[in-house]
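Student: Input structure: my_file-v7.txt, which contains compact mmCIF, C-alpha atoms.
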```txt
# COMPACT_ATOMS: atom_id res chain seq x y z
CA MET A 92 -4.75 2.67 -14.96
CA LYS A 93 -7.46 0.32 -13.69
CA ALA A 94 -8.32 0.71 -10.00
CA SER A 95 -9.84 -1.70 -7.51
CA THR A 96 -10.63 -1.35 -3.83
CA PHE A 97 -10.71 -4.07 -1.21
CA VAL A 98 -13.93 -4.59 0.76
CA TYR A 99 -15.49 -7.14 3.10
CA PRO A 100 -18.95 -8.62 2.58
CA TRP A 101 -20.10 -7.06 5.87
CA ASP A 102 -19.34 -3.62 4.41
CA ILE A 103 -22.02 -4.27 1.79
CA THR A 104 -24.72 -6.56 3.16
CA GLY A 105 -27.33 -4.65 5.11
CA ASP A 106 -26.24 -1.28 3.67
CA PRO A 107 -28.26 -0.53 0.52
CA GLY A 108 -26.17 2.56 -0.25
CA ALA A 109 -22.77 0.86 -0.08
CA PRO A 110 -22.50 -0.48 -3.67
CA ALA A 111 -23.31 2.86 -5.29
CA ARG A 112 -21.01 4.68 -2.87
CA ILE A 113 -18.11 2.40 -3.80
CA ALA A 114 -18.85 2.63 -7.52
CA ALA A 115 -18.87 6.42 -7.22
CA LEU A 116 -15.21 6.32 -6.14
CA GLY A 117 -14.35 5.66 -9.77
CA VAL A 118 -13.10 2.09 -9.35
CA GLU A 119 -13.57 -0.39 -12.17
CA GLN A 120 -13.24 -3.39 -9.88
CA VAL A 121 -13.94 -4.45 -6.30
CA THR A 122 -11.81 -7.12 -4.63
CA LEU A 123 -14.22 -8.76 -2.18
CA ALA A 124 -13.02 -11.06 0.60
CA SER A 125 -14.25 -14.64 0.23
CA ALA A 126 -11.87 -16.31 2.73
CA TYR A 127 -10.41 -14.16 5.46
CA HIS A 128 -8.53 -14.32 8.76
CA SER A 129 -9.87 -13.17 12.12
CA THR A 130 -10.16 -9.41 12.46
CA ARG A 131 -11.92 -6.55 14.22
CA ALA A 132 -13.04 -3.97 11.69
CA LEU A 133 -14.73 -0.61 11.53
CA THR A 134 -17.82 -0.08 9.41
CA PRO A 135 -18.11 3.72 9.75
CA ARG A 136 -21.14 4.20 7.49
CA HIS A 137 -23.13 1.02 8.01
CA PRO A 138 -26.73 1.60 9.19
CA ARG A 139 -26.72 -1.43 11.52
CA HIS A 140 -23.27 -1.58 13.14
CA ARG A 141 -19.97 0.23 13.58
CA ILE A 142 -17.68 -2.63 14.64
CA VAL A 143 -17.53 -6.13 13.19
CA THR A 144 -15.60 -8.83 15.03
CA ALA A 145 -14.72 -11.78 12.83
CA GLU A 146 -13.79 -14.22 15.57
CA HIS A 147 -11.80 -16.67 13.47
CA ALA A 148 -10.52 -17.33 9.98
CA ALA A 149 -13.45 -18.40 7.84
CA VAL A 150 -14.91 -18.75 4.40
CA LEU A 151 -17.57 -16.16 3.73
CA TYR A 152 -19.80 -18.48 1.68
CA PRO A 153 -21.17 -22.01 2.23
CA PRO A 154 -18.31 -24.50 1.67
CA ASP A 155 -19.17 -27.46 -0.53
CA ASP A 156 -18.98 -31.21 0.05
CA ARG A 157 -15.34 -31.57 -1.04
CA TRP A 158 -14.45 -31.21 2.64
CA ALA A 159 -16.55 -34.10 3.91
CA GLY A 160 -14.53 -36.37 6.17
CA ARG A 161 -11.34 -34.31 5.97
CA ALA A 162 -9.38 -33.39 9.09
CA LEU A 163 -8.39 -30.00 7.68
CA ARG A 164 -11.30 -28.00 6.36
CA PRO A 165 -12.35 -24.34 6.25
CA TYR A 166 -14.45 -22.92 9.06
CA PRO A 167 -17.77 -21.30 8.18
CA ALA A 168 -18.23 -17.74 9.34
CA GLY A 169 -20.40 -16.82 12.28
CA GLY A 170 -22.86 -13.97 12.49
CA TRP A 171 -20.41 -11.52 10.94
CA ALA A 172 -20.89 -13.14 7.50
CA PRO A 173 -23.77 -15.63 7.62
CA GLY A 174 -24.92 -17.78 4.72
CA ASP A 175 -23.56 -16.79 1.33
CA ALA A 176 -22.38 -13.37 2.46
CA TRP A 177 -19.89 -13.19 -0.41
CA GLY A 178 -22.50 -14.01 -3.02
CA GLU A 179 -25.00 -11.49 -1.68
CA ALA A 180 -22.40 -8.70 -1.56
CA ALA A 181 -20.99 -9.60 -4.98
CA GLU A 182 -24.41 -9.43 -6.61
CA ALA A 183 -25.10 -6.00 -5.13
CA LEU A 184 -21.69 -4.66 -6.17
CA ALA A 185 -21.96 -5.99 -9.71
CA ALA A 186 -25.38 -4.37 -10.09
CA ALA A 187 -23.74 -1.03 -9.25
CA GLY A 188 -21.22 -1.43 -12.05
CA PRO A 189 -17.79 -2.65 -10.86
CA GLU A 190 -16.39 -6.04 -11.81
CA VAL A 191 -16.03 -8.29 -8.76
CA HIS A 192 -12.97 -10.41 -7.95
CA THR A 193 -12.39 -12.65 -4.94
CA TRP A 194 -9.87 -11.90 -2.21
CA VAL A 195 -8.60 -15.15 -0.73
CA VAL A 196 -6.38 -15.32 2.38
CA LEU A 197 -4.71 -18.73 2.61
CA ALA A 198 -1.78 -19.59 4.93
CA HIS A 199 -2.95 -17.37 7.81
CA ASN A 200 -5.35 -19.05 10.22
CA SER A 201 -5.11 -18.74 14.00
CA ARG A 202 -8.06 -21.02 14.74
CA LEU A 203 -6.50 -23.83 12.71
CA GLY A 204 -3.29 -23.41 14.70
CA ALA A 205 -5.15 -23.39 18.01
CA GLU A 206 -7.19 -26.51 17.25
CA ARG A 207 -4.49 -28.33 15.28
CA PRO A 208 -1.15 -27.12 16.69
CA ASP A 209 0.71 -29.78 14.69
CA THR A 210 -0.05 -27.75 11.53
CA SER A 211 1.79 -24.62 12.70
CA VAL A 212 5.25 -23.24 12.02
CA VAL A 213 7.62 -24.08 14.91
CA ASN A 214 10.64 -21.81 15.41
CA ALA A 215 14.16 -22.79 16.48
CA TYR A 216 13.20 -22.34 20.15
CA GLY A 217 10.23 -24.70 19.88
CA ASP A 218 7.62 -21.90 19.95
CA ARG A 219 4.62 -22.44 17.69
CA TYR A 220 3.08 -19.71 15.54
CA PRO A 221 -0.61 -20.65 15.55
CA TRP A 222 -1.43 -18.02 12.93
CA ALA A 223 1.05 -19.57 10.46
CA PRO A 224 0.25 -22.96 8.91
CA CYS A 225 3.44 -24.68 7.78
CA ILE A 226 3.23 -24.85 3.99
CA ALA A 227 5.66 -27.77 3.83
CA GLN A 228 3.25 -30.24 5.41
CA PRO A 229 1.43 -32.39 2.81
CA ALA A 230 -2.00 -32.24 4.48
CA THR A 231 -1.76 -28.47 4.88
CA ARG A 232 -0.70 -28.05 1.26
CA ALA A 233 -3.67 -30.12 0.05
CA TYR A 234 -6.01 -28.05 2.24
CA LEU A 235 -4.63 -24.75 0.93
CA VAL A 236 -4.83 -25.83 -2.72
CA ASP A 237 -8.47 -26.89 -2.41
CA LEU A 238 -9.33 -23.78 -0.41
CA ALA A 239 -7.74 -21.62 -3.11
CA ALA A 240 -9.82 -23.24 -5.82
CA GLU A 241 -13.11 -23.10 -3.91
CA ALA A 242 -12.77 -19.62 -2.43
CA ALA A 243 -11.38 -18.06 -5.62
CA VAL A 244 -13.93 -19.33 -8.09
CA ARG A 245 -17.18 -18.02 -6.68
CA PRO A 246 -20.23 -17.48 -8.89
CA GLY A 247 -19.98 -14.08 -10.54
CA ALA A 248 -16.26 -13.60 -9.89
CA ALA A 249 -14.12 -12.51 -12.84
CA GLY A 250 -10.81 -13.16 -11.11
CA ALA A 251 -9.07 -13.81 -7.82
CA GLU A 252 -6.29 -12.37 -5.71
CA LEU A 253 -4.49 -14.90 -3.53
CA GLU A 254 -2.94 -13.51 -0.35
CA SER A 255 -0.60 -15.34 2.06
CA LEU A 256 0.19 -18.06 -0.48
CA GLY A 257 3.62 -18.78 0.96
CA TRP A 258 5.53 -18.79 4.23
CA TYR A 259 4.34 -16.81 7.24
CA GLY A 260 6.68 -15.81 10.07
CA LEU A 261 6.87 -13.95 13.36
CA GLN A 262 5.49 -10.63 12.15
CA HIS A 263 1.73 -10.71 12.61
CA LEU A 264 -0.96 -8.21 13.59
CA HIS A 265 -1.95 -10.20 16.66
CA ALA A 266 -4.35 -9.06 19.39
CA HIS A 267 -2.49 -7.02 22.02
CA ASP A 268 0.78 -7.71 20.23
CA LYS A 269 3.89 -7.21 22.39
CA THR A 270 6.65 -8.50 20.11
CA GLY A 271 8.20 -5.24 18.92
CA GLY A 272 10.50 -4.60 21.86
CA VAL A 273 13.60 -5.92 20.08
CA GLY A 274 14.42 -4.84 16.53
CA LEU A 275 15.42 -8.12 14.91
CA GLY A 276 15.80 -6.60 11.46
CA ASP A 277 15.32 -8.36 8.15
CA ALA A 278 17.83 -11.15 8.83
CA GLY A 279 16.50 -11.82 12.30
CA GLN A 280 12.96 -12.03 11.01
CA TYR A 281 14.06 -14.66 8.49
CA LEU A 282 15.76 -16.73 11.17
CA MET A 283 12.68 -16.47 13.38
CA ALA A 284 10.57 -17.66 10.45
CA LEU A 285 12.52 -20.90 9.92
CA CYS A 286 10.22 -23.81 10.73
CA PHE A 287 11.31 -26.91 12.65
CA CYS A 288 8.18 -29.04 12.45
CA PRO A 289 8.83 -32.72 11.55
CA ASP A 290 8.33 -32.10 7.83
CA CYS A 291 10.72 -29.15 7.76
CA ARG A 292 13.30 -31.02 9.81
CA ALA A 293 13.19 -33.78 7.22
CA GLY A 294 13.44 -31.18 4.47
CA TYR A 295 16.57 -29.68 5.97
CA GLY A 296 18.00 -33.16 6.26
CA ALA A 297 17.45 -33.69 2.54
CA GLN A 298 19.53 -30.55 1.99
CA GLY A 299 22.41 -32.04 3.95
CA LEU A 300 21.71 -30.20 7.22
CA ASP A 301 21.32 -31.76 10.65
CA PRO A 302 18.11 -30.14 11.94
CA ASP A 303 19.22 -30.14 15.58
CA GLU A 304 22.51 -28.51 14.65
CA LEU A 305 20.65 -26.02 12.45
CA ALA A 306 18.25 -25.06 15.26
CA ALA A 307 21.20 -24.54 17.60
CA ALA A 308 22.96 -22.45 14.95
CA VAL A 309 19.87 -20.30 14.49
CA ARG A 310 19.60 -19.69 18.22
CA GLU A 311 23.27 -18.80 18.42
CA ALA A 312 22.98 -16.48 15.41
CA LEU A 313 20.02 -14.68 16.98
CA GLU A 314 21.60 -14.17 20.38
CA PRO A 315 23.44 -10.92 19.51
CA LEU A 316 20.22 -9.50 18.06
CA TRP A 317 18.32 -10.23 21.27
CA ARG A 318 21.00 -8.25 23.08
CA GLY A 319 20.54 -5.25 20.80
CA ALA A 320 23.12 -5.75 18.05
CA PRO A 321 21.93 -3.92 14.91
CA ASP A 322 20.88 -5.82 11.82
CA ASP A 323 19.98 -4.05 8.58
CA GLN A 324 21.79 -6.20 6.04
CA GLY A 325 18.98 -8.20 4.44
CA TRP A 326 20.01 -11.55 3.00
CA SER A 327 23.70 -10.79 3.41
CA GLY A 328 22.94 -10.47 7.12
CA VAL A 329 21.43 -13.97 7.15
CA GLU A 330 24.55 -15.33 5.44
CA LYS A 331 26.76 -13.55 7.95
CA LEU A 332 24.80 -14.84 10.92
CA LEU A 333 24.23 -18.39 9.73
CA GLY A 334 26.97 -19.00 7.14
CA GLU A 335 26.50 -18.86 3.38
CA GLU A 336 26.17 -22.61 2.77
CA THR A 337 23.78 -23.21 5.63
CA ALA A 338 21.68 -20.17 4.71
CA ALA A 339 21.48 -21.32 1.08
CA ALA A 340 20.39 -24.81 2.14
CA THR A 341 17.51 -23.43 4.22
CA ARG A 342 16.44 -21.31 1.25
CA ALA A 343 16.59 -24.28 -1.12
CA TRP A 344 14.08 -26.17 1.02
CA ARG A 345 11.77 -23.24 1.71
CA ASP A 346 11.83 -21.78 -1.80
CA GLU A 347 10.95 -25.13 -3.36
CA ARG A 348 8.03 -25.64 -1.00
CA ALA A 349 6.66 -22.16 -1.68
CA ARG A 350 7.16 -22.28 -5.46
CA THR A 351 5.48 -25.65 -5.91
CA LEU A 352 2.58 -24.69 -3.64
CA GLN A 353 2.02 -21.52 -5.66
CA GLU A 354 2.17 -23.45 -8.93
CA THR A 355 -0.26 -26.10 -7.69
CA ALA A 356 -2.72 -23.63 -6.17
CA VAL A 357 -2.84 -21.43 -9.27
CA ALA A 358 -3.31 -24.51 -11.46
CA ALA A 359 -6.19 -25.66 -9.24
CA VAL A 360 -7.86 -22.26 -9.50
CA ARG A 361 -7.50 -22.27 -13.29
CA ALA A 362 -8.91 -25.79 -13.52
CA ALA A 363 -12.00 -24.73 -11.57
CA ALA A 364 -12.47 -21.35 -13.28
CA PRO A 365 -14.07 -20.30 -16.55
CA THR A 366 -11.97 -19.15 -19.49
CA GLY A 367 -10.49 -15.71 -18.98
CA PHE A 368 -10.52 -15.88 -15.18
CA GLN A 369 -7.66 -13.74 -13.82
CA VAL A 370 -5.38 -15.06 -11.07
CA LEU A 371 -3.07 -12.68 -9.18
CA LEU A 372 -0.81 -13.24 -6.17
CA HIS A 373 -0.01 -10.78 -3.41
CA ALA A 374 3.77 -10.86 -3.54
CA ASP A 375 7.07 -9.28 -2.52
CA PRO A 376 10.09 -9.52 -4.88
CA VAL A 377 12.50 -9.99 -1.94
CA THR A 378 12.42 -13.75 -2.11
CA HIS A 379 13.19 -14.56 1.55
CA HIS A 380 10.43 -12.31 2.93
CA VAL A 381 7.43 -13.89 4.63
CA GLY A 382 3.90 -12.85 5.48
CA ALA A 383 0.76 -11.74 3.70
CA ASN A 384 2.89 -10.75 0.69
CA PRO A 385 5.32 -13.67 0.60
CA GLY A 386 8.63 -13.36 -1.18
CA VAL A 387 8.71 -14.71 -4.74
CA ASP A 388 11.06 -14.88 -7.66
CA PRO A 389 9.56 -12.31 -10.07
CA ALA A 390 10.38 -14.23 -13.24
CA HIS A 391 8.93 -17.45 -11.87
CA ILE A 392 5.73 -16.04 -10.43
CA LEU A 393 4.91 -14.11 -13.61
CA SER A 394 5.22 -17.38 -15.51
CA VAL A 395 2.67 -18.96 -13.15
CA ALA A 396 0.06 -16.27 -12.42
CA ASP A 397 -1.45 -13.47 -14.50
CA GLY A 398 0.27 -10.92 -12.33
CA VAL A 399 0.95 -9.67 -8.84
CA VAL A 400 -0.39 -7.26 -6.24
CA VAL A 401 2.63 -5.49 -4.77
CA PRO A 402 2.73 -3.76 -1.35
CA CYS A 403 3.54 -0.06 -1.76
CA ALA A 404 3.09 1.28 1.77
CA ASP A 405 6.73 2.40 1.72
CA GLY A 406 6.57 3.61 -1.87
CA PRO A 407 6.26 1.79 -5.19
CA GLY A 408 9.89 0.64 -5.44
CA LEU A 409 9.00 -3.06 -5.08
CA LEU A 410 7.31 -2.88 -8.49
CA THR A 411 10.63 -2.56 -10.31
CA PRO A 412 11.84 -6.20 -10.13
CA PHE A 413 8.51 -7.34 -11.57
CA ALA A 414 8.46 -4.69 -14.28
CA GLU A 415 12.00 -5.59 -15.29
CA GLN A 416 10.77 -9.00 -16.43
CA GLY A 417 9.09 -7.31 -19.40
CA ARG A 418 6.30 -9.87 -19.39
CA GLU A 419 3.68 -8.68 -21.87
CA GLY A 420 0.15 -8.59 -20.49
CA ALA A 421 1.17 -9.19 -16.88
CA VAL A 422 -0.83 -7.29 -14.28
CA LEU A 423 1.36 -5.28 -11.92
CA ALA A 424 -0.99 -3.81 -9.34
CA ALA A 425 0.39 -1.26 -6.88
CA ASN A 426 -1.32 -1.66 -3.51
CA PHE A 427 -1.69 1.62 -1.59
CA GLY A 428 -3.22 2.19 1.82
CA VAL A 429 -5.87 4.92 1.73
CA VAL A 430 -7.02 4.80 5.36
CA ALA A 431 -5.25 7.71 7.02
CA GLY A 432 -5.95 6.41 10.51
CA MET A 433 -4.10 3.20 9.64
CA GLY A 434 -1.06 4.89 8.15
CA GLY A 435 -2.37 5.31 4.61
CA SER A 436 -1.93 8.45 2.53
CA PRO A 437 -5.06 9.16 0.50
CA GLY A 438 -3.97 12.76 0.01
CA THR A 439 -0.89 11.70 -1.97
CA LEU A 440 -2.67 9.06 -4.04
CA THR A 441 -2.46 11.04 -7.30
CA ALA A 442 1.30 11.40 -7.00
CA ASP A 443 1.69 7.84 -5.77
CA MET A 444 -0.21 6.44 -8.75
CA ALA A 445 1.83 8.53 -11.16
CA ARG A 446 5.08 7.25 -9.67
CA ALA A 447 3.80 3.67 -9.71
CA ARG A 448 2.90 4.02 -13.38
CA GLU A 449 6.43 5.24 -14.11
CA LEU A 450 7.80 2.11 -12.42
CA GLY A 451 5.61 -0.22 -14.46
CA ALA A 452 2.31 -0.50 -12.59
CA THR A 453 -0.62 -1.36 -14.83
CA GLU A 454 -3.27 -1.22 -12.10
CA VAL A 455 -3.78 0.12 -8.59
CA ARG A 456 -5.31 -1.45 -5.47
CA LEU A 457 -6.76 0.64 -2.67
CA TYR A 458 -6.87 -0.64 0.89
CA HIS A 459 -9.67 -0.33 1.99
CA ALA A 460 -12.99 1.35 1.10
CA GLY A 461 -14.93 -0.24 3.95
CA LEU A 462 -12.50 0.95 6.62
CA ALA A 463 -11.89 4.46 5.28
CA SER A 464 -13.38 7.69 6.61
CA ASP A 465 -15.54 9.95 4.44
CA ALA A 466 -12.56 12.29 4.06
CA ASP A 467 -10.36 9.42 2.91
CA LEU A 468 -12.95 8.37 0.35
CA GLU A 469 -13.28 11.90 -0.98
CA ALA A 470 -9.52 12.02 -1.51
CA VAL A 471 -9.72 8.72 -3.38
CA ARG A 472 -12.55 10.04 -5.59
CA GLU A 473 -10.50 13.12 -6.46
CA ALA A 474 -7.40 11.06 -7.25
CA LEU A 475 -9.23 8.57 -9.44
CA THR A 476 -11.08 11.34 -11.26
CA SER A 477 -7.75 12.93 -12.15
CA ARG A 478 -6.30 9.80 -13.74
```
Output the file's structure as structure tokens, nothing else.

Tutor:
Amino acid sequence: MKASTFVYPWDITGDPGAPARIAALGVEQVTLASAYHSTRALTPRHPRHRIVTAEHAAVLYPPDDRWAGRALRPYPAGGWAPGDAWGEAAEALAAAGPEVHTWVVLAHNSRLGAERPDTSVVNAYGDRYPWAPCIAQPATRAYLVDLAAEAAVRPGAAGAELESLGWYGLQHLHAHDKTGGVGLGDAGQYLMALCFCPDCRAGYGAQGLDPDELAAAVREALEPLWRGAPDDQGWSGVEKLLGEETAAATRAWRDERARTLQETAVAAVRAAAPTGFQVLLHADPVTHHVGANPGVDPAHILSVADGVVVPCADGPGLLTPFAEQGREGAVLAANFGVVAGMGGSPGTLTADMARARELGATEVRLYHAGLASDADLEAVREALTSR
């Protein structure tokens, strides 16, 4: 079962030993970030630094002239990834042996939301989510499609993994986050993710909903959850809180916007890429879920992309709906955390990979070699050696 680990360019550039160290893990591939959100990251073995602060979402290479004159355009990185940081890191990694793929984060950009608040998701209370560009807005969609094509097809890349290509919601690893005091549950998170920007209001109207009445209904449906009422019913909970017909109408609008964006973005990547270039999406088979692994219809997404990267932090069970499609040649990559300090379980990786294989996984992704301790990496080496 082919294995790849995620890394950032700043894990590699300036550390001559990093490429060989990563290759020695036993991975056949490295998934290297080419467009990434703001973050603060450890570099525990780097000879020059221990903490990297990526101050805003940025492309980690020089963007080309396709963005000239456009209101929405990617931000270049600062000193954390200067110049063609992706290209420099990719060349060093490839020389050490692994194949290099791009890792492209799309609809997750707090600087865009801060500078252009009109692009952000707006909840039923009127609160904006600056980290979450609304994927229904035409200008945002055009920006994301072009960013996908440019950031995915970098020189030397053999494939791409597209993250956050769908709706984002309330859940977000934000600085000094203080939003976990009330357990909204799965249904509550969906209701808090519903967008009421002008484009989404018009979209709900096309589905026969009055957007003002819908926003009021969402607020009313959420009120018991704010007061502590339990919610663990998934989509049936949304239907109970909002009503089946109204819930279905919101899904019709949101699902169509996500599906067509995914289709268009993947097509743009393929049009820009050489023959044989692999395109995967980070995805969750629970179709109303939002976030870095947006919910998708398994049959549809496997007809669009070459496969999926599936979150397995809570076990590999989410692989099953994709495997059940029986799509020959599709990549089903199980994504496991291997940083113990961040909740990963490198010590159980052998068993986790075996279970994932039983459920249909064809590949494994390891998050994240640059962040992991030496002990974590040793556990990864042992697990990959035993494959």

Student: Need the shell around Thr441 in chain A: protein/DNA/RNA residues with any atom at most 9 Å away, counting only C-alpha atoms. Skip same-chain ones fewer than 3 positions apart. Format as a PDB file with C-alpha atoms, in the coordinates of the input?

Tutor:
```pdb
ATOM      1  CA  PRO A 437      -5.060   9.160   0.500  1.00  0.00           C
ATOM      2  CA  GLY A 438      -3.970  12.760   0.010  1.00  0.00           C
ATOM      3  CA  MET A 444      -0.210   6.440  -8.750  1.00  0.00           C
ATOM      4  CA  ALA A 445       1.830   8.530 -11.160  1.00  0.00           C
ATOM      5  CA  ARG A 446       5.080   7.250  -9.670  1.00  0.00           C
ATOM      6  CA  VAL A 471      -9.720   8.720  -3.380  1.00  0.00           C
ATOM      7  CA  GLU A 473     -10.500  13.120  -6.460  1.00  0.00           C
ATOM      8  CA  ALA A 474      -7.400  11.060  -7.250  1.00  0.00           C
ATOM      9  CA  LEU A 475      -9.230   8.570  -9.440  1.00  0.00           C
ATOM     10  CA  SER A 477      -7.750  12.930 -12.150  1.00  0.00           C
ATOM     11  CA  ARG A 478      -6.300   9.800 -13.740  1.00  0.00           C
TER      12      ARG A 478
END
```

Student: For a quick check of your reading of the model, name the residues lying within 7 Å of the coordinate (-11.4, -6.5, -10.2), counting only C-alpha atoms, and write them as a ChimeraX atom specification.

Tutor: /A:95,119-122,190-192,250

Student: Using all atoms listed in the file, which of the listed residues (A:Gly296, A:Glu146, A:Ala126, A:Leu151) sits closest to Thr104 in chain A?

Tutor: A:Leu151

Student: When you draw a straight line from CA of Leu423 in chain A to CA of Asp397 in chain A, how long is it in Å?

Tutor: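 These two atoms are separated by 9.0 Å.
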
Student: As an exercise, work out the distance from CA of Ala215 in chain A to CA of Tyr234 in chain A in Å and give it to one decimal place.

Tutor: 25.2 Å
